[in-house]
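Trainee: To be precise about what I am sending: the file is called run-v4.txt and holds compact mmCIF, C-alpha atoms.
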# COMPACT_ATOMS: atom_id res chain seq x y z
CA MET A 137 -37.68 66.76 -15.06
CA SER A 138 -38.37 70.03 -13.23
CA GLU A 139 -40.67 71.12 -16.07
CA GLU A 140 -42.91 68.21 -15.07
CA ILE A 141 -43.72 69.82 -11.70
CA HIS A 142 -46.08 72.78 -11.59
CA ILE A 143 -46.77 75.17 -8.72
CA ILE A 144 -50.17 76.74 -9.24
CA GLU A 145 -51.01 79.93 -7.36
CA GLU A 146 -54.80 79.97 -7.11
CA GLU A 147 -54.47 83.39 -5.57
CA PRO A 148 -51.40 85.26 -6.82
CA ILE A 149 -48.88 85.85 -4.04
CA LYS A 150 -47.71 89.38 -4.60
CA ILE A 151 -46.08 90.36 -1.35
CA LYS A 152 -42.32 90.25 -1.02
CA GLY A 153 -40.20 89.27 1.94
CA VAL A 154 -42.27 86.25 2.93
CA ASN A 155 -41.39 83.50 5.40
CA VAL A 156 -41.84 80.10 3.80
CA ILE A 157 -42.41 77.07 6.01
CA ILE A 158 -42.13 73.66 4.37
CA GLY A 159 -43.46 70.51 6.05
CA LEU A 160 -43.29 67.31 4.02
CA PRO A 161 -43.74 63.72 5.22
CA ASP A 162 -40.39 62.56 6.55
CA VAL A 163 -38.92 61.10 9.74
CA GLY A 164 -41.66 60.97 12.43
CA LEU A 165 -43.88 63.16 10.19
CA VAL A 166 -42.47 66.03 12.26
CA GLY A 167 -42.54 68.59 9.44
CA LEU A 168 -46.09 67.78 8.42
CA ILE A 169 -47.50 67.75 11.97
CA ALA A 170 -45.82 71.04 12.93
CA THR A 171 -46.79 72.81 9.70
CA MET A 172 -50.39 71.54 9.85
CA HIS A 173 -50.61 72.87 13.41
CA MET A 174 -49.40 76.25 12.18
CA ILE A 175 -51.94 76.27 9.31
CA GLU A 176 -54.83 75.35 11.61
CA THR A 177 -53.87 77.66 14.46
CA LEU A 178 -53.28 80.72 12.28
CA LYS A 179 -56.28 79.83 10.09
CA MET A 180 -54.10 80.17 7.03
CA LYS A 181 -55.87 80.33 3.68
CA ARG A 182 -55.21 77.88 0.87
CA VAL A 183 -53.64 79.82 -2.00
CA GLY A 184 -52.23 77.17 -4.32
CA TYR A 185 -51.12 73.64 -4.97
CA ILE A 186 -48.40 71.59 -6.61
CA GLU A 187 -49.09 68.95 -9.25
CA SER A 188 -46.93 66.58 -11.22
CA LYS A 189 -46.98 63.32 -13.08
CA LEU A 190 -43.94 62.42 -10.99
CA PHE A 191 -46.18 62.14 -7.92
CA PRO A 192 -48.46 59.18 -7.14
CA PRO A 193 -51.89 59.48 -8.79
CA VAL A 194 -53.65 60.68 -5.65
CA ILE A 195 -56.16 63.40 -4.88
CA VAL A 196 -57.66 64.09 -1.47
CA LEU A 197 -61.15 65.09 -0.42
CA HIS A 198 -61.74 67.54 2.40
CA ASN A 199 -65.31 68.50 3.28
CA GLY A 200 -66.44 67.24 -0.11
CA GLU A 201 -63.88 69.34 -1.98
CA ILE A 202 -61.39 67.73 -4.35
CA GLN A 203 -57.87 68.90 -3.57
CA SER A 204 -54.29 68.24 -4.53
CA PRO A 205 -52.41 66.53 -1.68
CA ILE A 206 -49.61 69.12 -1.90
CA LYS A 207 -50.83 72.61 -1.06
CA LEU A 208 -49.77 76.17 -0.34
CA TYR A 209 -51.33 78.21 2.47
CA MET A 210 -50.84 81.84 3.41
CA LYS A 211 -51.55 84.28 6.23
CA ASP A 212 -49.95 87.71 6.42
CA GLU A 213 -46.30 87.30 5.44
CA ASN A 214 -46.17 83.54 6.16
CA ILE A 215 -46.54 80.89 3.46
CA ALA A 216 -46.79 77.20 4.37
CA ILE A 217 -46.22 74.33 1.97
CA VAL A 218 -47.45 70.90 3.07
CA SER A 219 -47.90 67.52 1.51
CA GLU A 220 -50.31 64.78 2.51
CA ILE A 221 -48.35 62.23 0.48
CA PRO A 222 -44.69 61.24 0.75
CA ILE A 223 -42.54 62.63 -2.06
CA PRO A 224 -41.14 59.80 -4.21
CA SER A 225 -37.34 59.77 -4.24
CA THR A 226 -37.43 60.06 -8.05
CA ALA A 227 -39.08 63.50 -7.76
CA ILE A 228 -36.80 64.97 -5.08
CA TYR A 229 -34.33 66.82 -7.33
CA ALA A 230 -37.01 68.25 -9.58
CA LEU A 231 -39.23 69.33 -6.68
CA SER A 232 -36.33 71.02 -4.91
CA GLU A 233 -35.48 72.96 -8.08
CA VAL A 234 -39.07 74.04 -8.75
CA LEU A 235 -39.71 75.02 -5.13
CA LEU A 236 -36.62 77.21 -5.09
CA GLN A 237 -37.49 78.86 -8.42
CA GLN A 238 -40.89 79.77 -7.04
CA ILE A 239 -39.72 80.81 -3.60
CA LYS A 240 -37.09 83.14 -5.09
CA LYS A 241 -39.89 85.01 -6.88
CA TRP A 242 -41.36 85.78 -3.46
CA ASP A 243 -38.03 87.29 -2.34
CA PRO A 244 -38.08 85.28 0.91
CA ASN A 245 -37.03 86.73 4.20
CA MET A 246 -36.44 83.18 5.42
CA VAL A 247 -37.29 79.63 4.36
CA ILE A 248 -37.69 77.02 7.09
CA MET A 249 -37.76 73.37 6.13
CA ILE A 250 -38.96 71.30 9.09
CA HIS A 251 -37.87 67.70 9.57
CA GLY A 252 -37.36 64.96 12.13
CA ILE A 253 -33.93 63.80 13.18
CA PRO A 254 -34.02 60.05 13.90
CA VAL A 255 -32.51 59.12 17.26
CA PRO A 256 -32.43 55.55 18.59
CA ASN A 257 -33.03 56.60 22.22
CA ARG A 258 -36.09 58.80 21.52
CA LEU A 259 -38.23 56.81 23.99
CA ASN A 260 -35.93 57.73 26.87
CA LEU A 261 -35.47 61.43 26.04
CA GLU A 262 -36.84 63.68 28.76
CA LYS A 263 -36.27 66.78 26.65
CA ILE A 264 -36.20 66.89 22.88
CA THR A 265 -33.48 69.03 21.32
CA ASN A 266 -33.94 71.05 18.15
CA TYR A 267 -31.07 71.40 15.72
CA ALA A 268 -30.82 73.83 12.83
CA ILE A 269 -28.64 74.33 9.79
CA GLY A 270 -28.40 77.68 8.03
CA THR A 271 -27.33 78.29 4.44
CA ASN A 272 -25.88 81.78 4.87
CA ASP A 273 -24.63 84.24 7.48
CA LYS A 274 -28.10 85.72 8.01
CA THR A 275 -29.74 82.39 8.82
CA LYS A 276 -26.79 81.26 10.93
CA GLU A 277 -27.13 84.44 12.97
CA LEU A 278 -30.88 83.87 13.36
CA ILE A 279 -30.21 80.36 14.65
CA THR A 280 -27.68 81.62 17.18
CA ASN A 281 -29.84 84.58 18.29
CA ASN A 282 -32.81 82.27 18.89
CA GLU A 283 -30.64 79.91 20.93
CA ILE A 284 -31.23 76.89 18.71
CA GLU A 285 -28.46 74.30 18.61
CA THR A 286 -26.63 74.12 15.32
CA MET A 287 -25.92 70.81 13.69
CA ASP A 288 -22.19 71.02 13.09
CA THR A 289 -21.34 67.53 11.87
CA GLY A 290 -23.56 64.90 10.34
CA VAL A 291 -25.22 63.51 7.27
CA ILE A 292 -28.46 64.88 5.81
CA VAL A 293 -30.51 62.89 3.33
CA GLY A 294 -33.64 63.31 1.23
CA LEU A 295 -35.35 66.37 -0.15
CA LYS A 296 -34.11 68.64 2.64
CA ALA A 297 -30.51 67.73 1.74
CA ILE A 298 -30.97 68.72 -1.90
CA PHE A 299 -33.02 71.78 -0.99
CA LEU A 300 -30.32 72.95 1.44
CA TRP A 301 -27.61 72.39 -1.15
CA ASP A 302 -29.56 74.26 -3.85
CA SER A 303 -30.35 77.07 -1.38
CA LEU A 304 -26.67 77.39 -0.52
CA LYS A 305 -25.67 77.64 -4.19
CA GLN A 306 -28.39 80.19 -4.96
CA ASN A 307 -27.93 82.16 -1.72
CA VAL A 308 -31.49 81.58 -0.52
CA PRO A 309 -31.80 82.12 3.28
CA THR A 310 -32.88 78.62 4.26
CA ILE A 311 -32.93 76.96 7.67
CA ALA A 312 -33.36 73.20 8.06
CA LEU A 313 -35.04 72.97 11.44
CA GLY A 314 -35.15 69.50 12.96
CA ALA A 315 -36.13 67.88 16.24
CA GLU A 316 -35.02 64.56 17.70
CA SER A 317 -37.70 62.09 16.71
CA PHE A 318 -38.85 58.52 16.32
CA LEU A 319 -37.84 57.29 12.88
CA GLU A 320 -40.88 55.17 12.10
CA TYR A 321 -43.68 56.49 14.31
CA PRO A 322 -45.57 59.80 14.06
CA ASP A 323 -44.00 62.04 16.69
CA PRO A 324 -46.22 64.96 17.80
CA GLY A 325 -43.84 65.52 20.76
CA ALA A 326 -40.99 66.26 18.36
CA ALA A 327 -43.32 68.44 16.28
CA ALA A 328 -44.23 70.41 19.42
CA SER A 329 -40.56 71.00 20.07
CA VAL A 330 -40.16 72.38 16.55
CA VAL A 331 -43.21 74.61 17.03
CA GLU A 332 -41.48 76.21 20.02
CA ALA A 333 -38.55 77.05 17.75
CA LEU A 334 -40.89 78.27 14.99
CA ASN A 335 -42.46 80.67 17.48
CA LYS A 336 -39.03 82.19 18.05
CA PHE A 337 -38.05 82.41 14.38
CA LEU A 338 -41.36 83.81 13.15
CA LYS A 339 -42.19 85.82 16.28
CA ILE A 340 -45.59 84.16 16.53
CA ASP A 341 -47.33 82.38 19.38
CA LEU A 342 -48.53 78.95 18.30
CA ASP A 343 -50.05 76.98 21.16
CA VAL A 344 -47.67 74.10 21.89
CA GLU A 345 -49.90 72.59 24.61
CA ALA A 346 -52.81 72.35 22.18
CA LEU A 347 -50.66 70.26 19.87
CA LEU A 348 -49.48 68.01 22.69
CA ASN A 349 -53.08 67.51 23.81
CA ARG A 350 -53.88 66.11 20.35
CA ALA A 351 -50.84 63.85 20.27
CA GLU A 352 -52.70 60.53 20.59
CA GLU A 353 -55.34 61.48 18.05
CA LEU A 354 -52.61 62.47 15.56
CA ARG A 355 -50.71 59.24 16.15
CA VAL A 356 -53.82 57.21 15.30
CA ARG A 357 -54.77 59.33 12.29
CA MET A 358 -51.31 59.38 10.78
CA ARG A 359 -50.59 55.63 10.92
CA ASP A 360 -51.28 55.06 7.24
CA LEU A 361 -49.29 58.06 6.06
CA MET A 362 -46.40 57.04 8.31
CA LYS A 363 -46.48 53.56 6.79
CA ARG A 364 -46.42 55.00 3.26
CA THR A 365 -43.66 57.40 4.25
CA GLN A 366 -41.58 54.53 5.66
CA GLU A 367 -41.86 52.75 2.32
CA THR A 368 -40.85 55.88 0.41
CA MET A 369 -38.04 56.75 2.83
CA ARG A 370 -36.33 53.45 2.09
CA GLY A 371 -35.23 55.09 -1.18
CA THR A 372 -33.44 57.89 0.68
CA GLN A 373 -32.15 55.82 3.62
CA PRO A 374 -32.92 58.13 6.56
CA VAL A 375 -30.93 55.92 8.94
CA ARG A 376 -27.85 57.34 7.21
CA GLU A 377 -28.54 60.44 9.32
CA LEU A 378 -27.35 58.38 12.28
CA GLU A 379 -23.96 57.93 10.61
CA LEU A 380 -20.90 60.10 10.96
CA PRO A 381 -19.40 61.59 7.81
CA PRO A 382 -16.10 59.88 7.09
CA MET A 383 -13.99 62.98 6.34
CA PHE A 384 -12.75 65.83 8.45
CA GLY A 385 -14.22 69.26 7.70
CA MET B 48 -59.47 9.10 27.58
CA THR B 49 -56.79 11.54 28.80
CA GLU B 50 -54.44 10.33 26.10
CA LYS B 51 -57.15 10.88 23.48
CA LYS B 52 -57.83 14.41 24.77
CA ARG B 53 -54.12 15.21 24.72
CA LEU B 54 -53.93 14.02 21.13
CA ILE B 55 -56.92 16.14 20.13
CA ASP B 56 -55.37 19.17 21.87
CA ARG B 57 -52.10 18.64 20.03
CA MET B 58 -53.92 18.30 16.74
CA ARG B 59 -55.89 21.48 17.46
CA ASP B 60 -52.66 23.35 18.28
CA PHE B 61 -51.08 21.99 15.13
CA PHE B 62 -53.92 23.20 12.93
CA THR B 63 -54.06 26.56 14.76
CA ASP B 64 -50.38 27.03 13.99
CA ILE B 65 -50.93 26.16 10.34
CA GLU B 66 -53.85 28.58 10.21
CA LYS B 67 -51.66 31.35 11.66
CA ASP B 68 -48.87 30.59 9.19
CA ILE B 69 -51.31 30.79 6.30
CA PHE B 70 -52.72 34.04 7.66
CA VAL B 71 -49.26 35.61 7.92
CA ALA B 72 -48.19 34.28 4.50
CA ILE B 73 -51.30 35.74 2.87
CA GLY B 74 -50.66 39.01 4.71
CA GLU B 75 -47.13 39.12 3.36
CA MET B 76 -48.34 38.30 -0.16
CA PHE B 77 -50.79 41.17 -0.07
CA GLU B 78 -48.81 43.90 1.67
CA GLU B 79 -51.25 46.45 0.34
CA ARG B 80 -53.81 45.24 2.85
CA CYS B 81 -55.88 47.74 4.75
CA SER B 82 -54.69 48.85 8.18
CA TRP B 83 -58.16 48.62 9.76
CA ASP B 84 -60.81 45.97 10.05
CA PRO B 85 -64.41 47.22 10.38
CA GLU B 86 -65.76 43.79 11.29
CA GLU B 87 -63.40 43.34 14.22
CA CYS B 88 -63.47 47.11 14.92
CA CYS B 89 -59.70 47.02 15.15
CA LEU B 90 -56.78 49.03 13.82
CA GLU B 91 -53.40 47.64 12.90
CA PRO B 92 -50.69 49.33 14.98
CA LEU B 93 -47.42 50.55 13.52
CA THR B 94 -44.67 48.16 14.55
CA ASN B 95 -40.97 47.93 13.97
CA TYR B 96 -38.24 45.55 15.01
CA ILE B 97 -34.50 45.43 15.17
CA GLU B 98 -32.57 42.22 15.36
CA THR B 99 -29.33 41.87 17.31
CA GLU B 100 -27.17 38.81 17.70
CA ASP B 101 -29.02 37.75 20.86
CA GLU B 102 -32.51 39.16 20.62
CA ILE B 103 -35.27 40.74 18.60
CA ILE B 104 -36.49 44.08 19.93
CA LEU B 105 -39.99 44.74 18.72
CA THR B 106 -41.76 48.05 19.29
CA ALA B 107 -45.35 49.08 18.65
CA ASP B 108 -46.98 52.50 18.66
CA LEU B 109 -50.14 52.20 20.77
CA PRO B 110 -51.81 55.58 21.33
CA TYR B 111 -54.91 55.66 23.59
CA VAL B 112 -53.73 52.47 25.30
CA LYS B 113 -52.87 51.83 28.95
CA LYS B 114 -50.34 49.24 30.03
CA ASP B 115 -52.92 46.96 31.65
CA ASN B 116 -54.90 46.72 28.43
CA VAL B 117 -52.12 45.19 26.34
CA ASP B 118 -52.17 41.45 25.65
CA ILE B 119 -49.13 39.78 24.17
CA HIS B 120 -49.05 36.12 23.20
CA VAL B 121 -45.77 34.69 22.02
CA THR B 122 -44.85 31.37 20.46
CA ASP B 123 -41.36 30.54 19.30
CA ASP B 124 -41.85 32.27 15.94
CA MET B 125 -44.99 34.37 16.26
CA ILE B 126 -46.29 37.21 18.32
CA ASP B 127 -49.90 38.18 18.66
CA LEU B 128 -50.44 41.69 19.92
CA GLN B 129 -53.78 43.01 21.06
CA ALA B 130 -54.51 46.23 22.93
CA THR B 131 -57.81 47.82 23.93
CA LEU B 132 -58.15 51.56 23.41
CA ASP B 133 -59.11 53.78 26.33
CA GLN B 134 -61.76 55.40 24.21
CA PRO B 135 -63.20 54.31 20.87
CA VAL B 136 -61.78 56.11 17.84
CA HIS B 137 -64.29 57.32 15.30
CA PHE B 138 -63.26 58.85 11.97
CA LYS B 139 -66.42 60.89 11.46
CA GLN B 140 -65.07 62.89 8.53
CA TRP B 141 -64.10 59.82 6.56
CA GLY B 142 -66.01 59.36 3.33
CA THR B 143 -66.86 55.67 3.39
CA LEU B 144 -67.41 52.68 5.65
CA MET B 145 -64.87 54.02 8.12
CA ARG B 146 -67.16 56.78 9.39
CA LYS B 147 -69.68 54.17 10.49
CA THR B 148 -67.13 52.28 12.55
CA GLU B 149 -65.89 52.84 16.07
CA PHE B 150 -62.47 51.31 16.51
CA CYS B 151 -61.84 49.97 19.98
CA LYS B 152 -58.64 47.94 19.76
CA PHE B 153 -55.32 47.40 18.04
CA HIS B 154 -54.46 43.97 16.75
CA LYS B 155 -51.50 42.59 14.85
CA HIS B 156 -50.11 39.15 14.27
CA ILE B 157 -46.40 39.20 13.52
CA LYS B 158 -44.22 36.44 12.16
CA LEU B 159 -40.83 36.70 13.86
CA PRO B 160 -37.66 36.57 11.78
CA SER B 161 -35.97 34.06 14.16
CA ILE B 162 -36.98 31.41 16.68
CA VAL B 163 -37.24 32.96 20.14
CA ASP B 164 -37.25 31.72 23.70
CA ALA B 165 -40.92 32.48 24.45
CA GLU B 166 -40.53 31.82 28.17
CA ASN B 167 -38.03 34.62 28.66
CA VAL B 168 -39.72 37.43 26.79
CA SER B 169 -39.96 40.77 28.60
CA ALA B 170 -41.82 43.97 27.78
CA THR B 171 -42.03 47.61 28.84
CA PHE B 172 -44.60 50.26 28.03
CA LYS B 173 -43.79 53.96 28.08
CA GLY B 174 -45.50 56.92 26.44
CA GLY B 175 -47.75 54.61 24.45
CA ILE B 176 -44.79 52.75 22.95
CA LEU B 177 -44.58 49.05 23.69
CA GLU B 178 -41.10 47.54 23.62
CA ILE B 179 -40.76 43.75 23.66
CA HIS B 180 -37.44 41.98 24.11
CA LEU B 181 -37.49 38.50 22.60
CA PRO B 182 -34.31 36.54 23.31
CA LYS B 183 -33.33 34.30 20.45
CA LYS B 184 -33.16 30.58 20.98
CA VAL B 185 -29.57 29.99 20.06
CA THR B 186 -27.67 26.78 20.24
CA ARG B 187 -24.02 27.51 20.71
CA LEU B 188 -21.56 24.69 20.13
CA LYS B 189 -17.88 25.01 20.72
CA ILE B 190 -16.06 23.48 17.81
CA LYS B 191 -12.82 21.77 18.55
CA ILE B 192 -10.18 22.26 15.89
CA GLU B 193 -8.45 19.02 15.09
Just dump the structure as structure tokens.
Mentor:
Amino acid sequence: MSEEIHIIEEEPIKIKGVNVIIGLPDVGLVGLIATMHMIETLKMKRVGYIESKLFPPVIVLHNGEIQSPIKLYMKDENIAIVSEIPIPSTAIYALSEVLLQQIKKWDPNMVIMIHGIPVPNRLNLEKITNYAIGTNDKTKELITNNEIETMDTGVIVGLKAIFLWDSLKQNVPTIALGAESFLEYPDPGAAASVVEALNKFLKIDLDVEALLNRAEELRVRMRDLMKRTQETMRGTQPVRELELPPMFG
Amino acid sequence: MTEKKRLIDRMRDFFTDIEKDIFVAIGEMFEERCSWDPEECCLEPLTNYIETEDEIILTADLPYVKKDNVDIHVTDDMIDLQATLDQPVHFKQWGTLMRKTEFCKFHKHIKLPSIVDAENVSATFKGGILEIHLPKKVTRLKIKIE
């Protein structure tokens, strides 16, 4: 099925050693909100898109321009991949495979897949904690050096699970970076927490306050996407991330 | 006269309940319905519920809303949630009817999965998230084993 997904570089990405940030609709839309904030703040340029018959038949219009809902942006050595539609569970394996094939061509310095970690007590959390998982020694060291908590035991589901697994097998330096989040509501607070961690990993200075100031606007705007994402997530059962794995390590 | 008025009131309540049931049933039939209503200038909030043995805990995401501007009406199997926004929301960049509309409230009518004790419902509001605790109306009978 992977041949049914195409990554189109509208502007060829020639540089090597890039950082790739992936933000797809998932728990609390954390990945999408954080990555969109990065794209807007750094004024990243659109350089490509992803298309497939495995995705819903949707295009988006921005300022009168027809666009694919899944796009690639770039600024300096940072590439961001975002989607304005939830990825159907039937396309997860193929998309993970195609993304990795493409990313390997860019000889990545680091790949960061952002996601939300559903927690039942999110409403009462005074401070949101970020957790990260690294696929090799280099990424594990980066996580430790940047003082991000590592997720030692747990269950991961969805595209990030397959992407992490594929990255591990192919020795791609991937970090799954998550923040404690609402499961079913857009969570700009969790996204802001991830942005703080992104600043450390990428040695950039994204304005966290600016994102928090837009929190209510984002929550209103993202209601429909959150609803669609909830429907799609039922196929990958994100609540399983609240479960403990049954076996010892 | 009073008896007649009481009867009319009961009939009105009865038909209002039927109307609500039909509204919810149609809503459930057409789940693809739009999440905003330009005529009422209202948005449908995201809601979620969990059901325990004793209660239903319903939450709603209500950005731009203050606690005092939330109205909750509960019957034994329905909840009507309305909340006025602090400032109207206007989607200027939207391509169609939406850009002409200023949304000023959230509104959602929810059919509850169990009968609840409407007189003992409690609610909290924190960070724009409304949490409503609806105790279930449960009849517990101790069964004697013969």
Trainee: Rank nothing, just name the residue among A:Gly252, A:Pro193, A:Pro324, A:Pro222 nearest to chain B, using all atoms listed in the file.
Mentor: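 Closest to chain B of all the choices is A:Pro324.
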Trainee: Find the residues of chain A in contact range of chain B, meaning any atom within 9 Å when counting all atoms listed in the file, and list them as a list of chain:residue names.
Mentor: A:Leu197, A:His198, A:Asn199, A:Gly200, A:Leu259, A:Asn260, A:Glu320, A:Tyr321, A:Pro322, A:Ala351, A:Glu352, A:Glu353, A:Arg355, A:Val356, A:Arg357, A:Arg359, A:Asp360, A:Met362, A:Lys363
Trainee: Would you mind telling me which residue in B:Thr49, B:Asn167, B:Thr131, B:Thr186 lies nearest to Cys89 (chain B) when using all atoms listed in the file?
Mentor: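 For Cys89 (chain B), the nearest of the candidates is B:Thr131.
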Trainee: Distance CA of His137 (chain B)-CA of Lys181 (chain A), one decimal place?
Mentor: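 CA of Lys181 (chain A) lies 27.1 Å from CA of His137 (chain B).
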Trainee: Near Pro192 (chain A), counting all atoms listed in the file, which residues have an atom at most 12 Å away, once you skip same-chain residues fewer than 3 positions from it, shown as an NGL selection string?
Mentor: :A and (187-189 or 195-196 or 204-206 or 220-227 or 364 or 368)
Trainee: Go ahead and dump the residues you just picked, C-alpha atoms, as a PDB file, in the coordinates of the input.
Mentor:
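As a result, again06.pdb now contains:
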ATOM      1  CA  GLU A 187     -49.090  68.950  -9.250  1.00  0.00           C
ATOM      2  CA  SER A 188     -46.930  66.580 -11.220  1.00  0.00           C
ATOM      3  CA  LYS A 189     -46.980  63.320 -13.080  1.00  0.00           C
ATOM      4  CA  ILE A 195     -56.160  63.400  -4.880  1.00  0.00           C
ATOM      5  CA  VAL A 196     -57.660  64.090  -1.470  1.00  0.00           C
ATOM      6  CA  SER A 204     -54.290  68.240  -4.530  1.00  0.00           C
ATOM      7  CA  PRO A 205     -52.410  66.530  -1.680  1.00  0.00           C
ATOM      8  CA  ILE A 206     -49.610  69.120  -1.900  1.00  0.00           C
ATOM      9  CA  GLU A 220     -50.310  64.780   2.510  1.00  0.00           C
ATOM     10  CA  ILE A 221     -48.350  62.230   0.480  1.00  0.00           C
ATOM     11  CA  PRO A 222     -44.690  61.240   0.750  1.00  0.00           C
ATOM     12  CA  ILE A 223     -42.540  62.630  -2.060  1.00  0.00           C
ATOM     13  CA  PRO A 224     -41.140  59.800  -4.210  1.00  0.00           C
ATOM     14  CA  SER A 225     -37.340  59.770  -4.240  1.00  0.00           C
ATOM     15  CA  THR A 226     -37.430  60.060  -8.050  1.00  0.00           C
ATOM     16  CA  ALA A 227     -39.080  63.500  -7.760  1.00  0.00           C
ATOM     17  CA  ARG A 364     -46.420  55.000   3.260  1.00  0.00           C
ATOM     18  CA  THR A 368     -40.850  55.880   0.410  1.00  0.00           C
TER      19      THR A 368
END
Trainee: Quick one: distance from CA of Ile340 (chain A) to CA of Met358 (chain A) in Å, one decimal?
Mentor: 26.1 Å
Trainee: Calculate how many Å separate CA of Leu348 (chain A) from CA of Val166 (chain A), rounding to one decimal.
Mentor: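 According to the coordinates, CA of Leu348 (chain A) and CA of Val166 (chain A) are separated by 12.7 Å.
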Trainee: Name the residues in contact with Asn257 (chain A) at a cut-off of 12 Å, using all atoms listed in the file, excluding same-chain residues fewer than 5 positions from it; report them as a ChimeraX atom specification.
Mentor: /A:262-264,316-319,378
Trainee: Is there a way to get, as a list in words, all residues within 6 Å of the point (-44.9, 75.5, 3.0) in file coordinates, counting all atoms listed in the file?
Mentor: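 Looking at atoms near the point gives Val156, Ile157, Ile158, Leu208, Ile215, Ala216, Ile217 and Val218 of chain A.
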Trainee: Could you write out the selected residues, including C-alpha atoms, as a compact mmCIF listing (two decimals), keeping the file's coordinate frame?
Mentor:
# COMPACT_ATOMS: atom_id res chain seq x y z
CA VAL A 156 -41.84 80.10 3.80
CA ILE A 157 -42.41 77.07 6.01
CA ILE A 158 -42.13 73.66 4.37
CA LEU A 208 -49.77 76.17 -0.34
CA ILE A 215 -46.54 80.89 3.46
CA ALA A 216 -46.79 77.20 4.37
CA ILE A 217 -46.22 74.33 1.97
CA VAL A 218 -47.45 70.90 3.07
Trainee: List the spatial neighbours of Thr171 (chain A) as a PyMOL selection string - criterion: any atom at most 12 Å away, only C-alpha atoms, same-chain residues fewer than 6 positions off excluded.
Mentor: chain A and resi 156-161+165+177-180+207-210+214-220+248-251+313+324+327-328+330-331+334-335+342+347
Trainee: For each of A:Gln306, A:His173, A:Glu283, A:Leu231, take the minimum atom-to-atom distance to Glu345 (chain A), counting all atoms listed in the file, then give the residue where this is smallest.
Mentor: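 Counting all atoms listed in the file, the residue closest to Glu345 (chain A) is A:His173.
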Trainee: Rank A:Glu332, A:Glu176, A:Glu277, A:Glu145 by their smallest atom-to-atom distance to Trp242 (chain A), using only C-alpha atoms, and report the top residue only.
Mentor: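 Smallest distance to Trp242 (chain A) is found for A:Glu145.
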Trainee: Applying 7 Å and all atoms listed in the file, which residues near Ile179 (chain B) remain after dropping the ones on its own chain fewer than 4 positions away? List them as an mmCIF file with C-alpha atoms, in the frame of the given file.
Mentor:
data_model
loop_
_atom_site.group_PDB
_atom_site.id
_atom_site.type_symbol
_atom_site.label_atom_id
_atom_site.label_comp_id
_atom_site.auth_asym_id
_atom_site.auth_seq_id
_atom_site.Cartn_x
_atom_site.Cartn_y
_atom_site.Cartn_z
ATOM 1 C CA ILE B 104 -36.490 44.080 19.930
ATOM 2 C CA LEU B 105 -39.990 44.740 18.720
ATOM 3 C CA THR B 106 -41.760 48.050 19.290
ATOM 4 C CA SER B 169 -39.960 40.770 28.600
ATOM 5 C CA ALA B 170 -41.820 43.970 27.780
ATOM 6 C CA THR B 171 -42.030 47.610 28.840
#
Trainee: Pick out the closest residue to Val183 (chain A) from this set: A:Thr365, A:Gln203, A:Asn307, A:Asn272. Count all atoms listed in the file.
Mentor: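 Residue with the minimum atom-to-atom distance to Val183 (chain A): A:Gln203.
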Trainee: Which is closest to Val117 (chain B) among B:Asp133, B:Glu50, B:Glu102, B:Asp164, if we use all atoms listed in the file?
Mentor: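 The answer is B:Asp133, which sits nearest to Val117 (chain B).
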Trainee: With only C-alpha atoms as the counted atoms, please give the residues lying no more than 10 Å from Thr148 (chain B), apart from itself and same-chain residues fewer than 3 positions off, as a list of chain:residue names.
Mentor: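 Those residues are B:Asp84, B:Pro85, B:Glu86, B:Glu87, B:Cys88, B:Cys89, B:Pro135, B:Val136, B:His137, B:Phe138, B:Lys139, B:Thr143, B:Leu144, B:Met145, B:Cys151.
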Trainee: Assuming the input is short of atoms at region 332-339 of chain A, produce N, CA and C atoms for that part as a CSV table (one decimal), keeping the file's coordinate frame.
Mentor:
chain,number,residue,atom,x,y,z
A,332,GLU,N,-42.1,75.2,19.1
A,332,GLU,CA,-41.5,76.2,20.0
A,332,GLU,C,-40.4,77.0,19.3
A,333,ALA,N,-39.6,76.3,18.5
A,333,ALA,CA,-38.6,77.0,17.8
A,333,ALA,C,-39.2,77.9,16.7
A,334,LEU,N,-40.2,77.5,16.0
A,334,LEU,CA,-40.9,78.3,15.0
A,334,LEU,C,-41.4,79.6,15.6
A,335,ASN,N,-42.0,79.5,16.8
A,335,ASN,CA,-42.5,80.7,17.5
A,335,ASN,C,-41.4,81.7,17.6
A,336,LYS,N,-40.2,81.2,17.9
A,336,LYS,CA,-39.0,82.2,18.0
A,336,LYS,C,-38.6,82.8,16.7
A,337,PHE,N,-38.5,81.9,15.7
A,337,PHE,CA,-38.0,82.4,14.4
A,337,PHE,C,-39.0,83.4,13.8
A,338,LEU,N,-40.3,83.0,13.9
A,338,LEU,CA,-41.4,83.8,13.2
A,338,LEU,C,-42.0,84.9,14.0
A,339,LYS,N,-41.6,84.9,15.3
A,339,LYS,CA,-42.2,85.8,16.3
A,339,LYS,C,-43.7,85.7,16.3
